[in-house]
file work21.tsv (TSV, C-alpha atoms and all ligand atoms)
chain	number	residue	atom	x	y	z
A	18	MET	CA	29.19	64.81	-30.48
A	19	THR	CA	31.36	67.19	-28.47
A	20	GLU	CA	31.25	70.92	-29.17
A	21	LEU	CA	33.10	71.92	-32.31
A	22	GLU	CA	36.21	74.03	-31.79
A	23	TYR	CA	37.91	73.80	-35.19
A	24	LEU	CA	35.08	72.95	-37.58
A	25	SER	CA	31.81	74.55	-38.55
A	26	VAL	CA	29.01	73.06	-40.61
A	27	GLU	CA	26.53	75.02	-42.69
A	28	LYS	CA	23.74	73.49	-44.68
A	29	GLU	CA	22.70	75.15	-47.90
A	30	ASN	CA	19.87	73.39	-49.73
A	31	GLU	CA	21.09	69.81	-49.95
A	32	ILE	CA	24.78	70.63	-49.58
A	33	ALA	CA	26.83	70.78	-46.38
A	34	ILE	CA	29.80	73.12	-46.18
A	35	VAL	CA	32.33	71.91	-43.61
A	36	ALA	CA	34.87	74.64	-42.83
A	37	ILE	CA	38.15	74.06	-41.02
A	38	ASP	CA	39.08	76.98	-38.81
A	39	ARG	CA	42.35	77.09	-36.94
A	40	GLN	CA	43.76	80.01	-38.82
A	41	GLY	CA	46.41	81.00	-36.28
A	42	LYS	CA	48.15	77.69	-37.08
A	43	LEU	CA	47.33	77.68	-40.78
A	44	ASN	CA	44.55	75.16	-40.04
A	45	ALA	CA	47.11	72.52	-39.00
A	46	LEU	CA	45.38	69.23	-38.21
A	47	ASN	CA	45.60	68.29	-34.54
A	48	TYR	CA	44.06	65.31	-32.79
A	49	LYS	CA	40.98	67.24	-31.67
A	50	MET	CA	40.30	68.37	-35.23
A	51	LEU	CA	40.63	64.78	-36.43
A	52	GLN	CA	38.03	63.70	-33.85
A	53	GLU	CA	35.77	66.55	-34.92
A	54	LEU	CA	36.07	65.47	-38.56
A	55	GLU	CA	34.97	61.99	-37.55
A	56	GLY	CA	32.03	63.35	-35.54
A	57	VAL	CA	30.89	65.74	-38.26
A	58	PHE	CA	31.00	63.16	-41.06
A	59	THR	CA	29.28	60.59	-38.84
A	60	ASP	CA	26.48	63.09	-38.08
A	61	LEU	CA	26.18	64.12	-41.73
A	62	SER	CA	25.86	60.49	-42.77
A	63	GLN	CA	22.52	60.39	-40.90
A	64	ASP	CA	21.06	63.18	-43.06
A	65	GLU	CA	19.12	61.42	-45.76
A	66	ASN	CA	18.48	64.60	-47.74
A	67	LEU	CA	22.15	65.45	-48.11
A	68	ARG	CA	23.51	65.29	-51.66
A	69	GLY	CA	27.07	66.53	-51.28
A	70	VAL	CA	29.72	68.03	-49.02
A	71	ILE	CA	32.28	70.79	-49.57
A	72	LEU	CA	35.31	70.73	-47.28
A	73	ILE	CA	37.11	74.07	-47.16
A	74	GLY	CA	39.73	75.84	-45.03
A	75	ARG	CA	38.78	79.21	-43.52
A	76	GLY	CA	40.97	82.17	-44.41
A	77	ASN	CA	42.84	82.51	-47.67
A	78	LYS	CA	46.21	81.18	-46.52
A	79	SER	CA	45.58	77.53	-45.92
A	80	PHE	CA	43.34	74.55	-46.47
A	81	VAL	CA	45.35	72.52	-43.93
A	82	ALA	CA	49.13	73.02	-43.50
A	83	GLY	CA	49.64	69.42	-42.40
A	84	ALA	CA	49.43	67.46	-39.21
A	85	ASP	CA	50.18	69.51	-36.11
A	86	ILE	CA	53.97	69.37	-35.84
A	87	GLU	CA	53.88	70.21	-32.11
A	88	GLU	CA	51.85	67.05	-31.52
A	89	LEU	CA	54.16	65.04	-33.77
A	90	ALA	CA	57.10	66.03	-31.60
A	91	ASP	CA	55.77	63.95	-28.68
A	92	LEU	CA	55.12	60.75	-30.60
A	93	ASN	CA	57.04	57.51	-30.07
A	94	ARG	CA	56.92	54.33	-32.10
A	95	GLN	CA	53.74	53.08	-30.45
A	96	SER	CA	51.82	56.35	-30.33
A	97	GLY	CA	53.02	57.15	-33.86
A	98	ARG	CA	51.48	53.95	-35.19
A	99	SER	CA	48.29	54.63	-33.32
A	100	GLN	CA	48.04	58.23	-34.57
A	101	SER	CA	48.63	57.13	-38.16
A	102	GLY	CA	45.99	54.41	-37.75
A	103	GLU	CA	43.47	56.95	-36.43
A	104	GLY	CA	44.15	59.31	-39.33
A	105	GLN	CA	43.80	56.49	-41.86
A	106	ARG	CA	40.52	55.40	-40.26
A	107	VAL	CA	38.94	58.86	-40.20
A	108	PHE	CA	40.08	59.72	-43.73
A	109	THR	CA	38.70	56.39	-44.97
A	110	LEU	CA	35.39	57.32	-43.37
A	111	ILE	CA	35.41	60.42	-45.58
A	112	GLU	CA	36.38	58.38	-48.66
A	113	ASN	CA	33.49	55.99	-47.93
A	114	PHE	CA	31.02	58.84	-47.42
A	115	ARG	CA	27.66	58.23	-49.13
A	116	THR	CA	27.56	61.47	-51.14
A	117	PRO	CA	30.36	63.14	-53.12
A	118	VAL	CA	32.82	65.09	-50.96
A	119	LEU	CA	34.65	67.95	-52.66
A	120	ALA	CA	37.80	69.53	-51.19
A	121	ALA	CA	38.00	73.24	-52.04
A	122	VAL	CA	41.66	74.09	-51.50
A	123	ASN	CA	42.63	77.67	-50.74
A	124	GLY	CA	46.32	78.15	-49.89
A	125	TYR	CA	48.41	75.36	-48.40
A	126	ALA	CA	47.41	71.69	-48.61
A	127	LEU	CA	50.52	70.13	-47.14
A	128	GLY	CA	51.20	66.70	-45.70
A	129	GLY	CA	48.07	65.64	-43.79
A	130	GLY	CA	46.21	68.47	-45.54
A	131	CYS	CA	47.00	67.02	-48.94
A	132	GLU	CA	46.08	63.57	-47.61
A	133	LEU	CA	42.75	64.97	-46.41
A	134	ALA	CA	42.10	66.46	-49.85
A	135	LEU	CA	43.00	63.09	-51.40
A	136	ALA	CA	40.52	61.31	-49.13
A	137	CYS	CA	37.79	63.51	-50.66
A	138	HIS	CA	36.31	62.22	-53.91
A	139	LEU	CA	37.18	65.37	-55.85
A	140	ARG	CA	39.34	68.45	-55.44
A	141	VAL	CA	39.28	71.99	-56.80
A	142	ALA	CA	41.67	74.79	-55.90
A	143	SER	CA	42.10	78.54	-55.85
A	144	LYS	CA	44.97	80.02	-57.87
A	145	ASN	CA	47.01	80.52	-54.69
A	146	ALA	CA	46.83	76.87	-53.61
A	147	LYS	CA	50.04	74.94	-52.95
A	148	PHE	CA	50.23	71.18	-52.59
A	149	GLY	CA	53.06	69.12	-51.17
A	150	PHE	CA	54.30	66.40	-48.87
A	151	PRO	CA	57.01	67.89	-46.61
A	152	GLU	CA	57.09	64.79	-44.33
A	153	VAL	CA	60.46	63.39	-45.42
A	154	GLY	CA	62.01	66.67	-44.31
A	155	LEU	CA	60.64	65.95	-40.83
A	156	GLY	CA	62.00	62.40	-40.84
A	157	ILE	CA	58.62	60.73	-41.42
A	158	ILE	CA	56.42	59.71	-44.33
A	159	PRO	CA	52.78	60.54	-45.06
A	160	GLY	CA	50.87	58.33	-42.62
A	161	PHE	CA	47.22	59.20	-43.19
A	162	GLY	CA	46.92	57.31	-46.49
A	163	GLY	CA	48.99	59.63	-48.68
A	164	THR	CA	51.42	57.03	-50.01
A	165	VAL	CA	48.43	54.94	-51.06
A	166	ARG	CA	46.03	57.54	-52.42
A	167	LEU	CA	48.40	59.92	-54.19
A	168	SER	CA	49.47	57.39	-56.86
A	169	ARG	CA	45.87	56.55	-57.58
A	170	VAL	CA	45.13	60.16	-58.42
A	171	VAL	CA	48.30	61.43	-60.10
A	172	GLY	CA	50.09	58.18	-61.13
A	173	PHE	CA	53.12	56.54	-59.53
A	174	GLY	CA	55.80	58.67	-61.24
A	175	ARG	CA	54.36	61.94	-60.02
A	176	ALA	CA	53.51	60.53	-56.59
A	177	ILE	CA	57.03	59.27	-55.92
A	178	GLU	CA	58.46	62.58	-57.12
A	179	MET	CA	56.19	64.63	-54.83
A	180	ILE	CA	56.74	62.46	-51.76
A	181	LEU	CA	60.51	62.00	-52.13
A	182	THR	CA	61.35	65.60	-53.01
A	183	GLY	CA	58.89	67.16	-50.57
A	184	ASN	CA	58.58	70.04	-53.04
A	185	MET	CA	55.40	72.05	-53.24
A	186	ILE	CA	53.52	72.38	-56.51
A	187	THR	CA	51.27	75.23	-57.65
A	188	ALA	CA	47.56	74.99	-58.35
A	189	ASP	CA	48.19	75.04	-62.10
A	190	ARG	CA	50.67	72.18	-61.84
A	191	ALA	CA	48.23	70.30	-59.61
A	192	GLU	CA	45.59	70.70	-62.30
A	193	HIS	CA	48.07	69.47	-64.91
A	194	PHE	CA	48.77	66.43	-62.67
A	195	GLY	CA	45.04	65.72	-62.31
A	196	LEU	CA	45.29	66.36	-58.58
A	197	VAL	CA	42.58	69.02	-58.90
A	198	SER	CA	39.74	69.20	-61.42
A	199	ALA	CA	39.66	72.99	-61.74
A	200	VAL	CA	41.39	76.18	-60.57
A	201	PHE	CA	39.38	79.29	-59.63
A	202	GLU	CA	40.05	82.86	-58.49
A	203	PRO	CA	40.47	82.89	-54.67
A	204	ASP	CA	37.39	85.04	-54.04
A	205	GLU	CA	35.27	82.78	-56.25
A	206	LEU	CA	36.44	79.48	-54.77
A	207	LEU	CA	33.37	78.72	-52.69
A	208	SER	CA	30.78	79.83	-55.24
A	209	ARG	CA	32.51	77.98	-58.10
A	210	SER	CA	32.91	74.92	-55.87
A	211	LYS	CA	29.15	74.95	-55.29
A	212	ASP	CA	28.57	75.12	-59.05
A	213	PHE	CA	31.05	72.31	-59.60
A	214	LEU	CA	29.38	70.11	-56.98
A	215	GLY	CA	26.00	71.09	-58.41
A	216	SER	CA	27.04	69.62	-61.77
A	217	ILE	CA	27.19	66.28	-59.92
A	218	THR	CA	24.31	66.57	-57.46
A	219	ARG	CA	21.80	67.41	-60.22
A	220	HIS	CA	22.04	63.74	-61.22
A	221	SER	CA	20.43	60.75	-59.53
A	222	PRO	CA	21.86	60.46	-56.00
A	223	GLN	CA	21.66	56.69	-56.16
A	224	ALA	CA	23.52	56.57	-59.46
A	225	ILE	CA	26.21	58.92	-58.12
A	226	GLN	CA	26.62	56.82	-54.97
A	227	LYS	CA	26.92	53.58	-56.88
A	228	ALA	CA	29.27	55.10	-59.45
A	229	ILE	CA	31.59	56.14	-56.58
A	230	GLN	CA	31.30	52.67	-55.05
A	231	SER	CA	32.14	50.93	-58.30
A	232	LEU	CA	35.04	53.26	-59.15
A	233	TYR	CA	36.67	52.81	-55.72
A	234	PHE	CA	36.06	49.07	-55.66
A	235	ALA	CA	37.85	48.79	-58.99
A	236	GLN	CA	40.92	50.57	-57.54
A	237	ASP	CA	41.56	47.70	-55.16
A	238	SER	CA	40.32	44.70	-57.08
A	239	ARG	CA	41.10	42.66	-60.15
A	240	ALA	CA	39.14	43.49	-63.30
A	241	ILE	CA	37.14	40.27	-63.13
A	242	GLU	CA	35.83	41.12	-59.63
A	243	SER	CA	35.26	44.73	-60.59
A	244	PHE	CA	33.09	43.74	-63.54
A	245	ILE	CA	30.99	41.59	-61.22
A	246	MET	CA	30.60	44.51	-58.80
A	247	GLU	CA	29.73	46.93	-61.61
A	248	ASN	CA	27.20	44.46	-62.96
A	249	ASP	CA	25.59	44.07	-59.54
A	250	LEU	CA	25.41	47.82	-58.90
A	251	PHE	CA	24.02	48.43	-62.38
A	252	GLY	CA	21.35	45.82	-61.68
A	253	GLN	CA	20.44	47.49	-58.38
A	254	LEU	CA	19.83	50.78	-60.19
A	255	THR	CA	17.80	49.33	-63.03
A	256	GLY	CA	14.09	49.89	-62.55
A	257	THR	CA	14.48	52.33	-59.64
A	258	GLU	CA	12.24	55.41	-59.54
A	259	ASP	CA	15.30	57.54	-60.31
A	260	MET	CA	16.08	55.51	-63.40
A	261	LYS	CA	12.47	55.73	-64.57
A	262	GLU	CA	12.58	59.48	-63.98
A	263	GLY	CA	15.92	59.94	-65.80
A	264	VAL	CA	14.94	57.89	-68.83
A	265	GLY	CA	11.37	59.26	-68.85
A	266	ALA	CA	12.59	62.86	-68.68
A	267	PHE	CA	14.92	62.29	-71.63
A	268	LEU	CA	12.16	60.78	-73.73
A	269	GLU	CA	9.74	63.56	-72.74
A	270	LYS	CA	12.40	66.22	-73.44
A	271	ARG	CA	12.29	67.71	-69.93
A	272	LYS	CA	14.68	67.99	-67.00
A	273	PRO	CA	14.59	65.08	-64.55
A	274	VAL	CA	13.67	65.58	-60.90
A	275	PHE	CA	15.39	62.88	-58.89
A	276	LYS	CA	14.11	61.79	-55.50
A	277	GLY	CA	16.94	59.42	-54.67
A	278	VAL	CA	14.76	56.30	-54.62
A	301	LIG	N1	51.84	72.26	-37.41
A	301	LIG	C1	51.82	73.13	-36.38
A	301	LIG	N2	51.90	74.47	-36.55
A	301	LIG	C2	51.97	74.92	-37.81
A	301	LIG	C3	51.99	74.07	-38.93
A	301	LIG	C4	51.92	72.68	-38.67
A	301	LIG	N3	51.89	71.76	-39.67
A	301	LIG	N4	52.08	74.80	-40.04
A	301	LIG	C5	52.11	76.09	-39.65
A	301	LIG	N5	52.05	76.15	-38.30
A	301	LIG	C6	52.04	77.36	-37.44
A	301	LIG	C7	53.41	77.98	-37.32
A	301	LIG	O1	54.17	77.32	-36.32
A	301	LIG	C8	53.05	79.38	-36.93
A	301	LIG	O2	52.65	79.39	-35.59
A	301	LIG	P1	53.16	80.59	-34.60
A	301	LIG	O3	52.67	81.86	-35.27
A	301	LIG	O4	52.47	80.29	-33.31
A	301	LIG	O5	54.64	80.49	-34.58
A	301	LIG	C9	51.78	79.64	-37.76
A	301	LIG	O6	51.24	78.36	-38.07
A	301	LIG	C10	52.05	80.39	-39.05
A	301	LIG	O7	53.02	79.65	-39.78
A	301	LIG	P2	54.34	80.31	-40.39
A	301	LIG	O8	55.36	79.22	-40.57
A	301	LIG	O9	54.75	81.48	-39.58
A	301	LIG	O10	53.79	80.80	-41.80
A	301	LIG	P3	54.62	81.04	-43.13
A	301	LIG	O11	53.68	81.73	-44.06
A	301	LIG	O12	55.93	81.66	-42.85
A	301	LIG	O13	54.93	79.55	-43.70
A	301	LIG	C11	54.42	77.27	-44.28
A	301	LIG	C12	53.91	78.73	-44.16
A	301	LIG	C13	53.20	76.39	-44.61
A	301	LIG	C14	55.46	77.16	-45.40
A	301	LIG	C15	55.05	76.83	-42.94
A	301	LIG	O14	54.16	77.15	-41.90
A	301	LIG	C16	55.33	75.36	-42.86
A	301	LIG	O15	56.30	74.89	-43.44
A	301	LIG	N6	54.51	74.60	-42.12
A	301	LIG	C17	54.71	73.18	-41.90
A	301	LIG	C18	54.25	72.39	-43.08
A	301	LIG	C19	54.52	70.92	-42.87
A	301	LIG	O16	55.64	70.47	-42.76
A	301	LIG	N7	53.43	70.14	-42.85
A	301	LIG	C20	53.49	68.73	-42.78
A	301	LIG	C21	53.41	68.22	-41.40
A	301	LIG	S1	53.40	66.45	-41.45
call {"tool": "encode", "arguments": {"input": "work21.tsv", "output": "structure tokens", "more": "lines below"}}
Ligand code: COA
result
Amino acid sequence: MTELEYLSVEKENEIAIVAIDRQGKLNALNYKMLQELEGVFTDLSQDENLRGVILIGRGNKSFVAGADIEELADLNRQSGRSQSGEGQRVFTLIENFRTPVLAAVNGYALGGGCELALACHLRVASKNAKFGFPEVGLGIIPGFGGTVRLSRVVGFGRAIEMILTGNMITADRAEHFGLVSAVFEPDELLSRSKDFLGSITRHSPQAIQKAIQSLYFAQDSRAIESFIMENDLFGQLTGTEDMKEGVGAFLEKRKPVFKGV
């Protein structure tokens, strides 16, 4: 992949920390950054030892303050469709990522930034985080999956209110909405995010992956199909080494050590 200008990736044990760094523009998401996100998540998907990803914005002002408005200014009907399609595709790649992806939101998560956080499986925030969809004030709508994903997370009533008013909400309100799972002090955001992700990655990687798969499948399918999918995934896990380890460890009153097989 091409050299990274706006992203950096650090590996810490079995976790990757992907940091967005375009602080002069409040980490606004331009086309190059979108391509870098695709490249980074594609590369990370090859790492078989990886158990989770944290996506964070550098600096304490912003996670991502939306799509780059300077780039938006040049779009026409055709290029607008194409840009929205690219954003939807890359964000769906993140949603389909094999391990849990946690957005750690520090400062602004606006427009495309909020959509990026929604494409992650889970979100936590620092006390100074602000979430919102200012698009209607620019004469557009969220186009990177926001009108689809927001309702799933916060419910239709709150989603339509956020998108039609364009108002920002605080971290506490976002927690109340279920948009974030927890709110931390700004200087503890990364360490607490690691702990939070650790409370997931200590479990069987296969079970976590299939739980994510089943939960997302159920969002888009009728109950009857979702039960079939759940049943199939459950069957795939039964008898695996991880299951034997998990059940065995419980019976032997010790902590399990999962190998992901
Ligand atoms: N796209 C491009 N540039 C952006 C940006 C965006 N989405 N958000 C912020 N910036 C740039 C500003 O233009 C400014 O650049 P400059 O210093 O070269 O002029 C820099 O980031 C700092 O932003 P500034 O507006 O001065 O900071 P602030 O603290 O006064 O305000 C915000 C913060 C987030 C309220 C304000 O920047 C804002 O409203 N941004 C746009 C949010 C938005 O509509 N996002 C959705 C796009 S679809």
call {"tool": "closest_residue", "arguments": {"input": "work21.tsv", "among": "A:Phe213, A:Tyr125, A:Phe244, A:Phe114", "to": "A:Ser79", "atoms": "all atoms listed in the file"}}
result
A:Tyr125
call {"tool": "residues_near_point", "arguments": {"input": "work21.tsv", "point": "(45.1, 73.3, -57.9)", "cutoff": "12 Å", "atoms": "only C-alpha atoms", "output": "CSV table (one decimal) with C-alpha atoms, keeping the file's coordinate frame"}}
result
chain,number,residue,atom,x,y,z
A,80,PHE,CA,43.3,74.6,-46.5
A,120,ALA,CA,37.8,69.5,-51.2
A,121,ALA,CA,38.0,73.2,-52.0
A,122,VAL,CA,41.7,74.1,-51.5
A,123,ASN,CA,42.6,77.7,-50.7
A,124,GLY,CA,46.3,78.2,-49.9
A,125,TYR,CA,48.4,75.4,-48.4
A,126,ALA,CA,47.4,71.7,-48.6
A,131,CYS,CA,47.0,67.0,-48.9
A,134,ALA,CA,42.1,66.5,-49.8
A,139,LEU,CA,37.2,65.4,-55.8
A,140,ARG,CA,39.3,68.4,-55.4
A,141,VAL,CA,39.3,72.0,-56.8
A,142,ALA,CA,41.7,74.8,-55.9
A,143,SER,CA,42.1,78.5,-55.8
A,144,LYS,CA,45.0,80.0,-57.9
A,145,ASN,CA,47.0,80.5,-54.7
A,146,ALA,CA,46.8,76.9,-53.6
A,147,LYS,CA,50.0,74.9,-53.0
A,148,PHE,CA,50.2,71.2,-52.6
A,149,GLY,CA,53.1,69.1,-51.2
A,185,MET,CA,55.4,72.0,-53.2
A,186,ILE,CA,53.5,72.4,-56.5
A,187,THR,CA,51.3,75.2,-57.6
A,188,ALA,CA,47.6,75.0,-58.4
A,189,ASP,CA,48.2,75.0,-62.1
A,190,ARG,CA,50.7,72.2,-61.8
A,191,ALA,CA,48.2,70.3,-59.6
A,192,GLU,CA,45.6,70.7,-62.3
A,193,HIS,CA,48.1,69.5,-64.9
A,194,PHE,CA,48.8,66.4,-62.7
A,195,GLY,CA,45.0,65.7,-62.3
A,196,LEU,CA,45.3,66.4,-58.6
A,197,VAL,CA,42.6,69.0,-58.9
A,198,SER,CA,39.7,69.2,-61.4
A,199,ALA,CA,39.7,73.0,-61.7
A,200,VAL,CA,41.4,76.2,-60.6
A,201,PHE,CA,39.4,79.3,-59.6
A,202,GLU,CA,40.0,82.9,-58.5
A,203,PRO,CA,40.5,82.9,-54.7
A,206,LEU,CA,36.4,79.5,-54.8
call {"tool": "residues_near_ligand", "arguments": {"input": "work21.tsv", "ligand": "ligand LIG 301 (chain A)", "cutoff": "8 Å", "atoms": "all atoms listed in the file", "output": "JSON, numbers by chain"}}
result
{"A": [40, 41, 42, 43, 44, 45, 46, 47, 78, 79, 81, 82, 83, 84, 85, 86, 87, 88, 89, 125, 127, 128, 129, 130, 150, 151, 152, 154, 155, 157, 158, 159]}
call {"tool": "write_last_selection", "arguments": {"input": "work21.tsv", "atoms": "C-alpha atoms", "output": "PDB file, in the coordinates of the input"}}
result
ATOM      1  CA  GLN A  40      43.760  80.010 -38.820  1.00  0.00           C
ATOM      2  CA  GLY A  41      46.410  81.000 -36.280  1.00  0.00           C
ATOM      3  CA  LYS A  42      48.150  77.690 -37.080  1.00  0.00           C
ATOM      4  CA  LEU A  43      47.330  77.680 -40.780  1.00  0.00           C
ATOM      5  CA  ASN A  44      44.550  75.160 -40.040  1.00  0.00           C
ATOM      6  CA  ALA A  45      47.110  72.520 -39.000  1.00  0.00           C
ATOM      7  CA  LEU A  46      45.380  69.230 -38.210  1.00  0.00           C
ATOM      8  CA  ASN A  47      45.600  68.290 -34.540  1.00  0.00           C
ATOM      9  CA  LYS A  78      46.210  81.180 -46.520  1.00  0.00           C
ATOM     10  CA  SER A  79      45.580  77.530 -45.920  1.00  0.00           C
ATOM     11  CA  VAL A  81      45.350  72.520 -43.930  1.00  0.00           C
ATOM     12  CA  ALA A  82      49.130  73.020 -43.500  1.00  0.00           C
ATOM     13  CA  GLY A  83      49.640  69.420 -42.400  1.00  0.00           C
ATOM     14  CA  ALA A  84      49.430  67.460 -39.210  1.00  0.00           C
ATOM     15  CA  ASP A  85      50.180  69.510 -36.110  1.00  0.00           C
ATOM     16  CA  ILE A  86      53.970  69.370 -35.840  1.00  0.00           C
ATOM     17  CA  GLU A  87      53.880  70.210 -32.110  1.00  0.00           C
ATOM     18  CA  GLU A  88      51.850  67.050 -31.520  1.00  0.00           C
ATOM     19  CA  LEU A  89      54.160  65.040 -33.770  1.00  0.00           C
ATOM     20  CA  TYR A 125      48.410  75.360 -48.400  1.00  0.00           C
ATOM     21  CA  LEU A 127      50.520  70.130 -47.140  1.00  0.00           C
ATOM     22  CA  GLY A 128      51.200  66.700 -45.700  1.00  0.00           C
ATOM     23  CA  GLY A 129      48.070  65.640 -43.790  1.00  0.00           C
ATOM     24  CA  GLY A 130      46.210  68.470 -45.540  1.00  0.00           C
ATOM     25  CA  PHE A 150      54.300  66.400 -48.870  1.00  0.00           C
ATOM     26  CA  PRO A 151      57.010  67.890 -46.610  1.00  0.00           C
ATOM     27  CA  GLU A 152      57.090  64.790 -44.330  1.00  0.00           C
ATOM     28  CA  GLY A 154      62.010  66.670 -44.310  1.00  0.00           C
ATOM     29  CA  LEU A 155      60.640  65.950 -40.830  1.00  0.00           C
ATOM     30  CA  ILE A 157      58.620  60.730 -41.420  1.00  0.00           C
ATOM     31  CA  ILE A 158      56.420  59.710 -44.330  1.00  0.00           C
ATOM     32  CA  PRO A 159      52.780  60.540 -45.060  1.00  0.00           C
TER      33      PRO A 159
END
call {"tool": "closest_residue", "arguments": {"input": "work21.tsv", "among": "A:Glu65, A:Asp91, A:Glu55, A:Glu22", "to": "A:Phe108", "atoms": "only C-alpha atoms"}}
result
A:Glu55
call {"tool": "atom_distance", "arguments": {"input": "work21.tsv", "atom1": "atom CA of A:Leu51", "atom2": "atom CA of A:Arg209"}}
result
26.6 Å
call {"tool": "residues_near_point", "arguments": {"input": "work21.tsv", "point": "(36.0, 78.1, -37.7)", "cutoff": "8 Å", "atoms": "all atoms listed in the file", "output": "MDAnalysis selection string"}}
result
chainID A and resid 22:25 36:39 75
call {"tool": "closest_residue", "arguments": {"input": "work21.tsv", "among": "A:Lys270, A:Arg68, A:Arg239, A:Lys261", "to": "A:Pro222", "atoms": "all atoms listed in the file"}}
result
A:Arg68
call {"tool": "residues_around", "arguments": {"input": "work21.tsv", "residues": "A:Glu262", "least_positions_apart": "4", "cutoff": "10 Å", "atoms": "only C-alpha atoms", "output": "ChimeraX atom specification"}}
result
/A:221,256-258,266-268,272-276
call {"tool": "residues_around", "arguments": {"input": "work21.tsv", "residues": "A:Val26", "least_positions_apart": "3", "cutoff": "8 Å", "atoms": "all atoms listed in the file", "output": "PyMOL selection string"}}
result
chain A and resi 33-36+57
call {"tool": "residues_around", "arguments": {"input": "work21.tsv", "residues": "A:Gly69", "least_positions_apart": "2", "cutoff": "12 Å", "atoms": "only C-alpha atoms", "output": "count of residues only"}}
result
42
call {"tool": "decode", "arguments": {"input": "work21.tsv", "residues": "stretch 24-29 of chain A", "atoms": "all heavy atoms", "output": "CSV table (one decimal), in the first residue's frame"}}
result
chain,number,residue,atom,x,y,z
A,24,LEU,N,-2.6,8.4,8.5
A,24,LEU,CA,-2.8,7.3,9.5
A,24,LEU,C,-1.5,6.8,10.0
A,24,LEU,O,-0.5,6.8,9.3
A,24,LEU,CB,-3.6,6.2,8.8
A,24,LEU,CG,-5.0,6.4,8.3
A,24,LEU,CD1,-5.6,5.1,7.8
A,24,LEU,CD2,-5.9,7.1,9.3
A,25,SER,N,-1.5,6.3,11.2
A,25,SER,CA,-0.4,5.5,11.7
A,25,SER,C,-1.0,4.2,12.4
A,25,SER,O,-2.1,4.3,12.9
A,25,SER,CB,0.5,6.3,12.7
A,25,SER,OG,-0.3,6.6,13.8
A,26,VAL,N,-0.2,3.2,12.3
A,26,VAL,CA,-0.6,1.9,12.9
A,26,VAL,C,0.4,1.4,13.9
A,26,VAL,O,1.6,1.4,13.5
A,26,VAL,CB,-0.8,0.8,11.8
A,26,VAL,CG1,-1.4,-0.5,12.4
A,26,VAL,CG2,-1.7,1.3,10.7
A,27,GLU,N,0.0,1.2,15.1
A,27,GLU,CA,0.9,0.6,16.1
A,27,GLU,C,0.3,-0.7,16.6
A,27,GLU,O,-0.9,-0.8,16.8
A,27,GLU,CB,1.0,1.5,17.3
A,27,GLU,CG,2.0,2.6,17.3
A,27,GLU,CD,1.8,3.5,18.5
A,27,GLU,OE1,1.6,3.0,19.6
A,27,GLU,OE2,1.7,4.7,18.2
A,28,LYS,N,1.2,-1.7,16.7
A,28,LYS,CA,0.7,-3.0,17.2
A,28,LYS,C,1.2,-3.1,18.7
A,28,LYS,O,2.3,-2.9,19.0
A,28,LYS,CB,1.3,-4.1,16.4
A,28,LYS,CG,0.8,-4.1,15.0
A,28,LYS,CD,0.0,-5.3,14.6
A,28,LYS,CE,-0.5,-5.2,13.2
A,28,LYS,NZ,0.4,-5.9,12.3
A,29,GLU,N,0.3,-3.5,19.5
A,29,GLU,CA,0.6,-3.7,20.9
A,29,GLU,C,0.0,-5.0,21.3
A,29,GLU,O,-1.2,-5.2,21.4
A,29,GLU,CB,-0.1,-2.6,21.7
A,29,GLU,CG,0.8,-2.0,22.8
A,29,GLU,CD,0.2,-0.9,23.6
A,29,GLU,OE1,0.2,0.2,23.1
A,29,GLU,OE2,-0.4,-1.2,24.6
